[in-house]
file target12.cif (mmCIF, C-alpha atoms (C1' of nucleotides))
data_start
#
loop_
_atom_site.label_atom_id
_atom_site.label_comp_id
_atom_site.auth_asym_id
_atom_site.auth_seq_id
_atom_site.Cartn_x
_atom_site.Cartn_y
_atom_site.Cartn_z
CA MET A 1 17.82 -26.50 -10.20
CA ASN A 2 17.07 -28.35 -13.42
CA ALA A 3 15.99 -25.88 -16.08
CA THR A 4 18.28 -25.15 -18.97
CA PRO A 5 20.52 -22.15 -18.28
CA GLN A 6 19.55 -18.99 -20.09
CA PRO A 7 21.89 -16.30 -21.37
CA GLY A 8 22.04 -13.39 -18.95
CA ASP A 9 21.28 -15.55 -15.97
CA GLU A 10 24.49 -14.84 -14.14
CA ALA A 11 24.28 -11.08 -14.45
CA ALA A 12 20.63 -11.13 -13.38
CA ALA A 13 21.35 -13.39 -10.43
CA GLN A 14 24.13 -11.11 -9.31
CA ALA A 15 21.81 -8.09 -9.38
CA ALA A 16 19.02 -9.99 -7.65
CA ASN A 17 21.30 -11.10 -4.84
CA SER A 18 22.97 -7.76 -4.18
CA ARG A 19 23.16 -6.56 -0.62
CA LEU A 20 21.21 -3.39 -1.35
CA VAL A 21 18.33 -5.23 -2.95
CA ARG A 22 17.95 -7.68 -0.07
CA ASP A 23 18.16 -5.03 2.62
CA PHE A 24 15.70 -2.73 0.98
CA GLY A 25 13.32 -5.60 0.32
CA LEU A 26 13.47 -6.35 4.01
CA LEU A 27 12.46 -2.81 4.93
CA ILE A 28 9.49 -2.82 2.60
CA LYS A 29 8.39 -6.28 3.61
CA SER A 30 8.63 -5.62 7.33
CA ALA A 31 6.70 -2.38 7.06
CA THR A 32 4.06 -3.96 4.82
CA ARG A 33 3.53 -6.95 7.07
CA LEU A 34 3.40 -4.77 10.17
CA GLU A 35 0.85 -2.45 8.61
CA GLN A 36 -1.29 -5.32 7.36
CA ARG A 37 -1.24 -6.89 10.79
CA ILE A 38 -2.40 -3.68 12.42
CA ASP A 39 -4.98 -2.99 9.74
CA THR A 40 -6.74 -6.33 10.04
CA GLU A 41 -6.60 -6.15 13.84
CA LEU A 42 -8.14 -2.66 13.81
CA ARG A 43 -10.86 -3.67 11.37
CA ARG A 44 -11.72 -6.69 13.47
CA THR A 45 -11.82 -4.97 16.85
CA CYS A 46 -12.80 -1.38 16.04
CA GLY A 47 -14.21 -1.42 12.52
CA ILE A 48 -11.74 1.15 11.18
CA SER A 49 -8.77 0.96 8.83
CA HIS A 50 -5.19 1.81 9.68
CA THR A 51 -5.43 4.90 7.50
CA MET A 52 -8.44 6.10 9.47
CA LEU A 53 -6.50 5.65 12.68
CA GLU A 54 -3.73 7.80 11.24
CA VAL A 55 -6.29 10.52 10.58
CA LEU A 56 -7.61 10.32 14.14
CA ILE A 57 -4.07 10.44 15.52
CA ARG A 58 -3.38 13.59 13.53
CA LEU A 59 -6.65 15.21 14.61
CA CYS A 60 -6.18 14.45 18.30
CA ARG A 61 -2.55 15.46 18.51
CA ARG A 62 -3.15 19.10 19.33
CA PRO A 63 -6.67 19.65 20.66
CA GLY A 64 -8.25 22.82 19.35
CA GLU A 65 -5.92 23.07 16.35
CA GLU A 66 -7.61 23.65 13.02
CA VAL A 67 -6.77 20.86 10.57
CA SER A 68 -7.78 21.09 6.91
CA GLN A 69 -8.05 18.26 4.42
CA ARG A 70 -4.93 19.60 2.78
CA ASP A 71 -3.03 19.29 6.03
CA LEU A 72 -4.20 15.70 6.34
CA ALA A 73 -3.26 14.92 2.74
CA ASP A 74 0.25 16.23 3.28
CA ASP A 75 0.77 14.43 6.57
CA LEU A 76 -0.59 11.09 5.37
CA THR A 77 1.13 11.16 1.96
CA LEU A 78 -2.20 11.07 0.14
CA THR A 79 -3.58 13.01 -2.81
CA SER A 80 -6.36 15.51 -2.23
CA SER A 81 -8.86 13.25 -3.96
CA GLY A 82 -7.86 10.30 -1.82
CA THR A 83 -8.33 12.46 1.25
CA THR A 84 -11.73 13.69 0.09
CA ARG A 85 -13.05 10.15 -0.19
CA LEU A 86 -11.38 9.00 3.01
CA ILE A 87 -13.07 11.79 4.95
CA ASP A 88 -16.31 10.93 3.13
CA ARG A 89 -16.17 7.44 4.61
CA MET A 90 -15.16 8.65 8.06
CA GLU A 91 -17.95 11.22 8.09
CA GLU A 92 -20.37 8.50 6.99
CA ALA A 93 -19.16 6.37 9.91
CA GLY A 94 -19.69 9.27 12.31
CA LEU A 95 -16.03 9.52 13.24
CA VAL A 96 -15.41 13.08 12.04
CA ASP A 97 -17.30 16.21 11.00
CA ARG A 98 -16.57 18.59 8.13
CA VAL A 99 -16.65 22.24 9.15
CA PRO A 100 -16.17 25.13 6.74
CA SER A 101 -13.21 27.29 7.64
CA PRO A 102 -14.24 30.77 8.81
CA ALA A 103 -10.99 32.23 7.48
CA ASP A 104 -10.89 30.77 3.97
CA ARG A 105 -13.97 29.58 2.16
CA ARG A 106 -11.99 27.16 0.01
CA VAL A 107 -10.89 25.00 2.90
CA THR A 108 -12.86 22.48 4.93
CA LEU A 109 -11.72 21.73 8.44
CA VAL A 110 -12.00 18.24 9.84
CA GLU A 111 -12.88 17.61 13.48
CA THR A 112 -13.36 14.46 15.49
CA THR A 113 -16.80 13.67 16.87
CA SER A 114 -17.13 12.41 20.44
CA HIS A 115 -17.80 8.99 18.96
CA GLY A 116 -14.62 9.38 16.92
CA ARG A 117 -12.63 10.08 20.07
CA THR A 118 -14.14 7.06 21.79
CA VAL A 119 -13.23 4.79 18.91
CA PHE A 120 -9.80 6.39 18.74
CA LEU A 121 -8.98 5.59 22.35
CA ARG A 122 -9.92 1.96 21.84
CA ALA A 123 -8.05 1.75 18.53
CA ALA A 124 -4.96 3.38 20.00
CA ALA A 125 -4.83 0.68 22.66
CA VAL A 126 -5.03 -2.07 20.03
CA HIS A 127 -2.45 -0.25 17.93
CA ALA A 128 -0.06 0.04 20.87
CA GLU A 129 -0.46 -3.62 21.71
CA VAL A 130 0.42 -4.83 18.22
CA VAL A 131 3.27 -2.36 17.80
CA GLU A 132 4.68 -3.28 21.19
CA LYS A 133 4.62 -6.96 20.37
CA HIS A 134 5.98 -6.92 16.82
CA PHE A 135 8.04 -3.76 16.62
CA VAL A 136 9.47 -3.05 20.07
CA GLU A 137 9.76 -6.51 21.60
CA PRO A 138 12.01 -8.13 18.99
CA LEU A 139 14.57 -5.36 19.52
CA SER A 140 16.83 -4.37 22.37
CA ALA A 141 16.23 -0.93 23.83
CA ASP A 142 19.43 0.30 22.26
CA ASP A 143 18.57 -1.10 18.82
CA TYR A 144 15.10 0.39 19.02
CA GLN A 145 16.50 3.79 19.82
CA ARG A 146 18.98 3.62 16.97
CA LEU A 147 16.38 2.28 14.55
CA THR A 148 13.95 5.13 15.12
CA ALA A 149 16.75 7.69 14.92
CA ALA A 150 17.87 6.21 11.60
CA LEU A 151 14.32 6.27 10.25
CA GLY A 152 14.06 9.88 11.27
CA ARG A 153 17.12 10.73 9.21
CA ILE A 154 15.77 8.86 6.21
CA ASP A 155 12.45 10.61 6.48
CA THR A 156 13.89 14.11 6.70
CA ALA A 157 16.22 13.34 3.79
CA LEU A 158 13.22 12.25 1.74
CA ARG A 159 11.26 15.30 2.73
CA ASP A 160 14.06 17.73 1.96
CA ASP A 161 14.88 16.26 -1.42
CA VAL A 162 11.36 16.52 -2.92
CA MET B 26 -5.89 26.75 19.16
CA ASN B 27 -9.25 28.39 19.45
CA ALA B 28 -12.00 25.75 19.35
CA THR B 29 -13.93 24.93 22.48
CA PRO B 30 -12.35 22.07 24.45
CA GLN B 31 -14.16 18.77 24.16
CA PRO B 32 -14.44 16.07 26.83
CA GLY B 33 -11.88 13.32 26.27
CA ASP B 34 -9.48 15.67 24.56
CA GLU B 35 -6.67 15.20 27.05
CA ALA B 36 -6.78 11.41 27.03
CA ALA B 37 -6.91 11.38 23.22
CA ALA B 38 -4.05 13.84 22.94
CA GLN B 39 -1.96 11.74 25.27
CA ALA B 40 -2.56 8.62 23.15
CA ALA B 41 -1.91 10.52 19.92
CA ASN B 42 1.39 11.85 21.19
CA SER B 43 2.74 8.62 22.65
CA ARG B 44 6.26 7.62 21.77
CA LEU B 45 5.17 4.32 20.24
CA VAL B 46 2.67 5.95 17.92
CA ARG B 47 5.15 8.49 16.61
CA ASP B 48 7.93 5.99 16.08
CA PHE B 49 5.75 3.50 14.31
CA GLY B 50 4.25 6.22 12.15
CA LEU B 51 7.77 7.12 11.12
CA LEU B 52 8.51 3.57 10.01
CA ILE B 53 5.39 3.33 7.90
CA LYS B 54 5.82 6.78 6.41
CA SER B 55 9.47 6.27 5.50
CA ALA B 56 8.79 2.92 3.88
CA THR B 57 5.78 4.27 2.00
CA ARG B 58 7.60 7.32 0.69
CA LEU B 59 10.62 5.27 -0.31
CA GLU B 60 8.49 2.75 -2.17
CA GLN B 61 6.51 5.48 -3.95
CA ARG B 62 9.71 7.15 -5.02
CA ILE B 63 11.07 3.93 -6.48
CA ASP B 64 7.76 3.01 -8.09
CA THR B 65 7.38 6.27 -9.99
CA GLU B 66 11.04 6.19 -11.03
CA LEU B 67 10.71 2.63 -12.33
CA ARG B 68 7.53 3.41 -14.22
CA ARG B 69 9.13 6.43 -15.80
CA THR B 70 12.37 4.79 -16.86
CA CYS B 71 11.47 1.12 -17.38
CA GLY B 72 7.68 0.98 -17.64
CA ILE B 73 7.29 -1.48 -14.78
CA SER B 74 5.95 -1.18 -11.24
CA HIS B 75 7.90 -1.75 -8.06
CA THR B 76 5.89 -4.94 -7.44
CA MET B 77 6.88 -6.27 -10.85
CA LEU B 78 10.52 -5.61 -10.02
CA GLU B 79 10.09 -7.61 -6.82
CA VAL B 80 8.78 -10.50 -8.90
CA LEU B 81 11.75 -10.31 -11.26
CA ILE B 82 14.14 -10.16 -8.32
CA ARG B 83 12.62 -13.29 -6.86
CA LEU B 84 12.70 -15.11 -10.20
CA CYS B 85 16.31 -14.24 -10.95
CA ARG B 86 17.66 -14.98 -7.51
CA ARG B 87 18.42 -18.65 -8.10
CA PRO B 88 18.59 -19.40 -11.83
CA GLY B 89 16.99 -22.71 -12.72
CA GLU B 90 14.90 -22.83 -9.54
CA GLU B 91 11.21 -23.63 -10.05
CA VAL B 92 9.04 -20.81 -8.66
CA SER B 93 5.26 -21.19 -8.48
CA GLN B 94 2.68 -18.44 -8.17
CA ARG B 95 2.13 -19.57 -4.60
CA ASP B 96 5.80 -19.05 -3.82
CA LEU B 97 5.60 -15.57 -5.27
CA ALA B 98 2.43 -14.78 -3.32
CA ASP B 99 4.09 -15.78 -0.04
CA ASP B 100 7.29 -13.88 -0.72
CA LEU B 101 5.57 -10.70 -1.88
CA THR B 102 2.88 -10.70 0.83
CA LEU B 103 0.12 -10.92 -1.76
CA THR B 104 -2.99 -13.07 -2.03
CA SER B 105 -3.11 -15.77 -4.69
CA SER B 106 -5.67 -13.82 -6.70
CA GLY B 107 -3.53 -10.70 -6.59
CA THR B 108 -0.64 -12.78 -7.86
CA THR B 109 -2.71 -14.26 -10.67
CA ARG B 110 -3.52 -10.82 -12.03
CA LEU B 111 -0.03 -9.50 -11.48
CA ILE B 112 1.40 -12.37 -13.52
CA ASP B 113 -1.35 -11.74 -16.10
CA ARG B 114 -0.04 -8.23 -16.61
CA MET B 115 3.59 -9.29 -16.64
CA GLU B 116 2.87 -12.05 -19.14
CA GLU B 117 0.98 -9.52 -21.26
CA ALA B 118 4.03 -7.26 -21.13
CA GLY B 119 6.26 -10.13 -22.22
CA LEU B 120 8.27 -10.13 -18.99
CA VAL B 121 7.47 -13.66 -17.84
CA ASP B 122 6.01 -16.94 -19.09
CA ARG B 123 3.63 -19.32 -17.37
CA VAL B 124 4.72 -22.97 -17.50
CA PRO B 125 2.70 -25.85 -16.07
CA SER B 126 4.58 -27.76 -13.39
CA PRO B 127 5.52 -31.26 -14.51
CA ALA B 128 5.34 -32.52 -10.93
CA ASP B 129 1.96 -31.14 -9.84
CA ARG B 130 -0.72 -30.24 -12.31
CA ARG B 131 -2.31 -27.73 -9.92
CA VAL B 132 0.68 -25.43 -9.90
CA THR B 133 1.83 -22.95 -12.51
CA LEU B 134 5.51 -22.10 -12.63
CA VAL B 135 6.64 -18.61 -13.58
CA GLU B 136 9.79 -17.97 -15.61
CA THR B 137 11.42 -14.81 -16.86
CA THR B 138 11.65 -14.24 -20.60
CA SER B 139 14.86 -12.92 -22.09
CA HIS B 140 13.10 -9.57 -22.49
CA GLY B 141 12.17 -9.79 -18.81
CA ARG B 142 15.81 -10.27 -17.86
CA THR B 143 16.86 -7.33 -20.01
CA VAL B 144 14.31 -5.06 -18.37
CA PHE B 145 15.29 -6.43 -14.98
CA LEU B 146 18.92 -5.47 -15.37
CA ARG B 147 17.99 -1.94 -16.29
CA ALA B 148 15.43 -1.68 -13.51
CA ALA B 149 17.83 -3.08 -10.93
CA ALA B 150 20.27 -0.30 -11.77
CA VAL B 151 17.59 2.36 -11.27
CA HIS B 152 16.47 0.67 -8.10
CA ALA B 153 19.99 0.58 -6.70
CA GLU B 154 20.50 4.23 -7.51
CA VAL B 155 17.39 5.39 -5.65
CA VAL B 156 17.99 3.08 -2.70
CA GLU B 157 21.57 4.20 -2.44
CA LYS B 158 20.58 7.84 -2.40
CA HIS B 159 17.63 7.76 -0.02
CA PHE B 160 18.22 4.71 2.14
CA VAL B 161 21.96 4.19 2.46
CA GLU B 162 23.32 7.70 2.11
CA PRO B 163 21.46 9.35 5.00
CA LEU B 164 22.90 6.74 7.37
CA SER B 165 26.36 5.98 8.68
CA ALA B 166 27.73 2.56 7.79
CA ASP B 167 27.29 1.46 11.37
CA ASP B 168 23.70 2.68 11.57
CA TYR B 169 22.89 1.03 8.27
CA GLN B 170 24.25 -2.27 9.47
CA ARG B 171 22.28 -2.09 12.72
CA LEU B 172 19.12 -0.97 10.94
CA THR B 173 19.05 -3.91 8.56
CA ALA B 174 19.87 -6.32 11.36
CA ALA B 175 16.99 -4.93 13.42
CA LEU B 176 14.61 -5.21 10.45
CA GLY B 177 15.68 -8.80 10.02
CA ARG B 178 14.71 -9.56 13.61
CA ILE B 179 11.34 -7.87 13.20
CA ASP B 180 10.67 -9.78 10.01
CA THR B 181 11.50 -13.19 11.43
CA ALA B 182 9.42 -12.42 14.53
CA LEU B 183 6.48 -11.55 12.27
CA ARG B 184 6.98 -14.64 10.21
CA ASP B 185 7.23 -16.98 13.20
CA ASP B 186 4.22 -15.57 15.01
CA VAL B 187 1.57 -16.00 12.27
"C1'" DT C 22 -10.14 -48.50 -4.70
"C1'" DC C 23 -12.93 -44.78 -3.32
"C1'" DT C 24 -13.61 -40.77 -0.97
"C1'" DC C 25 -12.83 -36.44 0.58
"C1'" DA C 26 -10.43 -32.62 2.91
"C1'" DG C 27 -7.29 -29.38 1.37
"C1'" DA C 28 -4.11 -26.85 -1.92
"C1'" DG C 29 -3.31 -23.97 -6.20
"C1'" DA C 30 -5.10 -21.01 -9.64
"C1'" DT C 31 -8.78 -18.35 -11.58
"C1'" DT C 32 -12.93 -15.25 -11.82
"C1'" DG C 33 -16.48 -11.75 -10.33
"C1'" DA C 34 -17.50 -8.07 -7.18
"C1'" DG C 35 -15.99 -4.38 -4.43
"C1'" DC C 36 -12.72 -1.17 -2.17
"C1'" DG C 37 -9.25 2.29 -1.75
"C1'" DA C 38 -6.05 5.14 -3.92
"C1'" DG C 39 -4.08 7.94 -7.93
"C1'" DC C 40 -4.58 11.03 -12.08
"C1'" DA C 41 -6.77 14.47 -14.74
"C1'" DG C 42 -10.00 17.86 -15.05
"C1'" DC C 43 -13.39 20.99 -12.82
"C1'" DA C 44 -15.55 24.99 -10.14
"C1'" DA C 45 -15.13 28.10 -6.34
"C1'" DT C 46 -12.21 31.08 -3.80
"C1'" DT C 47 -8.18 33.74 -2.69
"C1'" DG C 48 -4.46 37.12 -3.03
"C1'" DA C 49 -1.33 39.69 -5.68
"C1'" DT C 50 -0.58 42.76 -9.78
"C1'" DT C 51 -1.75 46.10 -12.69
"C1'" DA D 26 -11.38 47.96 -9.68
"C1'" DA D 27 -10.29 44.29 -12.83
"C1'" DT D 28 -7.65 40.49 -13.89
"C1'" DC D 29 -5.30 36.31 -13.35
"C1'" DA D 30 -2.39 32.65 -11.43
"C1'" DA D 31 -2.53 29.58 -7.53
"C1'" DT D 32 -4.94 26.82 -4.09
"C1'" DT D 33 -8.69 23.82 -2.19
"C1'" DG D 34 -11.82 20.31 -2.53
"C1'" DC D 35 -14.72 17.41 -5.55
"C1'" DT D 36 -15.86 14.08 -9.46
"C1'" DG D 37 -15.15 10.55 -13.35
"C1'" DC D 38 -12.10 7.19 -14.67
"C1'" DT D 39 -8.67 3.66 -14.13
"C1'" DC D 40 -5.52 0.58 -11.61
"C1'" DG D 41 -4.17 -2.83 -8.40
"C1'" DC D 42 -5.40 -5.46 -4.66
"C1'" DT D 43 -8.57 -8.31 -1.51
"C1'" DC D 44 -12.46 -11.41 -0.53
"C1'" DA D 45 -15.50 -15.07 -1.66
"C1'" DA D 46 -16.81 -18.64 -4.61
"C1'" DT D 47 -15.45 -22.12 -7.98
"C1'" DC D 48 -12.76 -25.53 -10.53
"C1'" DT D 49 -9.09 -28.88 -10.89
"C1'" DC D 50 -5.93 -31.68 -8.84
"C1'" DT D 51 -3.44 -34.11 -4.97
"C1'" DG D 52 -2.65 -37.23 -1.27
"C1'" DA D 53 -4.04 -39.70 2.73
"C1'" DG D 54 -7.30 -42.68 5.15
"C1'" DA D 55 -11.42 -45.91 5.29
#
call {"tool": "encode", "arguments": {"input": "target12.cif", "output": "structure tokens"}}
result
Amino acid sequence: MNATPQPGDEAAAQAANSRLVRDFGLLIKSATRLEQRIDTELRRTCGISHTMLEVLIRLCRRPGEEVSQRDLADDLTLTSSGTTRLIDRMEEAGLVDRVPSPADRRVTLVETTSHGRTVFLRAAAVHAEVVEKHFVEPLSADDYQRLTAALGRIDTALRDDV
Amino acid sequence: MNATPQPGDEAAAQAANSRLVRDFGLLIKSATRLEQRIDTELRRTCGISHTMLEVLIRLCRRPGEEVSQRDLADDLTLTSSGTTRLIDRMEEAGLVDRVPSPADRRVTLVETTSHGRTVFLRAAAVHAEVVEKHFVEPLSADDYQRLTAALGRIDTALRDDV
DNA sequence: TCTCAGAGATTGAGCGAGCAGCAATTGATT
DNA sequence: AATCAATTGCTGCTCGCTCAATCTCTGAGA
């Protein structure tokens, strides 16, 4: 608190300290920290990234369902090129296989390998442990329920708007 | 729903459909989408990234306060090297200045330029607009209040744990 | 006073994602 | 049957961040 005051300081300080700015910063920071925590834990214990786990979750959700790279890109909020290279790495690691779609020769379907499912089960346990500890535990059951409901509304609003 | 069933499918499906996994996925997805939305809007209208805005927010919060790169790194959840290059770009863009600390010759203090404060005020308005629309509006006042309180608890829990 | 572990900032190498542009494929229109 | 816009996945390029190594500087203990 010793520098010489600059013109515009007060207005800037007011904007920087607004309620909205602080609250939103909190959301981003919490989510970032949580994701980083999970990512490093997954890399350490299972050798996969958080993004890869998200892919495995999507692929295992409905066994037998055909999932294309486009589906994955949409669900993970990635571009098609990002998805291409992500699946490249996962195929390289033996977690998934690429299978040409019988119905449409433009699309490639992605399937888990048995090794991918093994890794997934282990990773899901680690994931659950971290989430339980840092996401569920700090909240009361009621707060947790309300929080997830609120997030759901935000997400659908974002999706609808485009 | 036509592929041949694989061993381990049921266990994997159960893990992939667990309550915890879905809820946490929602948190990450909402935060990611929201941040992307703000980032592209800021780039379009003000020519800065969301991360740069976070820096400006931090620098303007308490006028006259000395803020080092290390402080910024901690507050933004970045590494020191990431911060170095971020400040490089912001200095290049004329948004901030680097000033050696008089008290400790290892540390570099970061200060906003008057141009930086001008851009900040404009960016803060854009920021507020997007946040208002996609974060505050979908929620009732009560839900919003509870949501931010819950995020605060999660954040402090994450910070304390290390 | 000297030493030395540790902190802050920087640099080089590498990774993961986006953007723009491409070829192959599809489905609808004429 | 021929054409053409739209879709899917892939590739070259760039950006922003991390990790590891390095340098300078600080502060505490022998």
call {"tool": "residues_around", "arguments": {"input": "target12.cif", "residues": "segment 27-39 of chain C", "least_positions_apart": "4", "cutoff": "7 Å", "atoms": "all atoms listed in the file", "output": "PDB file with C-alpha atoms, in the frame of the given file"}}
result
ATOM      1  CA  GLY A  82      -7.860  10.300  -1.820  1.00  0.00           C
TER       2      GLY A  82
ATOM      3  CA  ARG B 131      -2.310 -27.730  -9.920  1.00  0.00           C
ATOM      4  CA  VAL B 132       0.680 -25.430  -9.900  1.00  0.00           C
TER       5      VAL B 132
END
call {"tool": "residues_near_point", "arguments": {"input": "target12.cif", "point": "(-6.5, 28.4, -5.8)", "cutoff": "9 Å", "atoms": "all atoms listed in the file", "output": "tab-separated table (two decimals) with C-alpha atoms (C1' of nucleotides), in the coordinates of the input"}}
result
chain	number	residue	atom	x	y	z
A	106	ARG	CA	-11.99	27.16	0.01
C	45	DA	C1'	-15.13	28.10	-6.34
C	46	DT	C1'	-12.21	31.08	-3.80
C	47	DT	C1'	-8.18	33.74	-2.69
D	30	DA	C1'	-2.39	32.65	-11.43
D	31	DA	C1'	-2.53	29.58	-7.53
D	32	DT	C1'	-4.94	26.82	-4.09
D	33	DT	C1'	-8.69	23.82	-2.19
call {"tool": "interface_residues", "arguments": {"input": "target12.cif", "of": "chain A", "to": "chain C", "cutoff": "9 Å", "atoms": "only C-alpha atoms (C1' of nucleotides)", "output": "MDAnalysis selection string"}}
result
chainID A and resid 78:79 81:82 85:86 104:106
call {"tool": "interface_residues", "arguments": {"input": "target12.cif", "of": "chain D", "to": "chain B", "cutoff": "12 Å", "atoms": "all atoms listed in the file", "output": "VMD selection string"}}
result
chain D and resid 40 to 45 48 to 52
call {"tool": "resolve_selection", "arguments": {"input": "target12.cif", "expression": "the PyMOL selection byres ((chain B and resi 44) around 12)", "output": "ChimeraX atom specification"}}
result
/A:128,131-132,136,144-145,148 /B:39-43,45-51
call {"tool": "resolve_selection", "arguments": {"input": "target12.cif", "expression": "the PyMOL selection byres ((chain B) within 7 of (chain A))", "output": "ChimeraX atom specification"}}
result
/B:26-30,34,37-38,40-42,45,48,51-53,55-56,82,85-90,142,146,149,153,159-160,163-164,168,172-173,175-180,182-183
call {"tool": "atom_distance", "arguments": {"input": "target12.cif", "atom1": "atom CA of Val121 of chain B", "atom2": "atom CA of Val135 of chain B"}}
result
6.6 Å
call {"tool": "closest_residue", "arguments": {"input": "target12.cif", "among": "B:Asp167, B:Asp96, B:Glu136, B:Glu66", "to": "Arg123 of chain B", "atoms": "all atoms listed in the file"}}
result
B:Glu136
call {"tool": "atom_distance", "arguments": {"input": "target12.cif", "atom1": "atom CA of Arg69 of chain B", "atom2": "atom CA of Val144 of chain B"}}
result
12.9 Å
call {"tool": "atom_distance", "arguments": {"input": "target12.cif", "atom1": "atom CA of Pro102 of chain A", "atom2": "atom CA of Gln69 of chain A"}}
result
14.6 Å
call {"tool": "closest_residue", "arguments": {"input": "target12.cif", "among": "B:Asp64, B:Val151, B:Thr70, B:Gly141", "to": "Glu116 of chain B", "atoms": "all atoms listed in the file"}}
result
B:Gly141
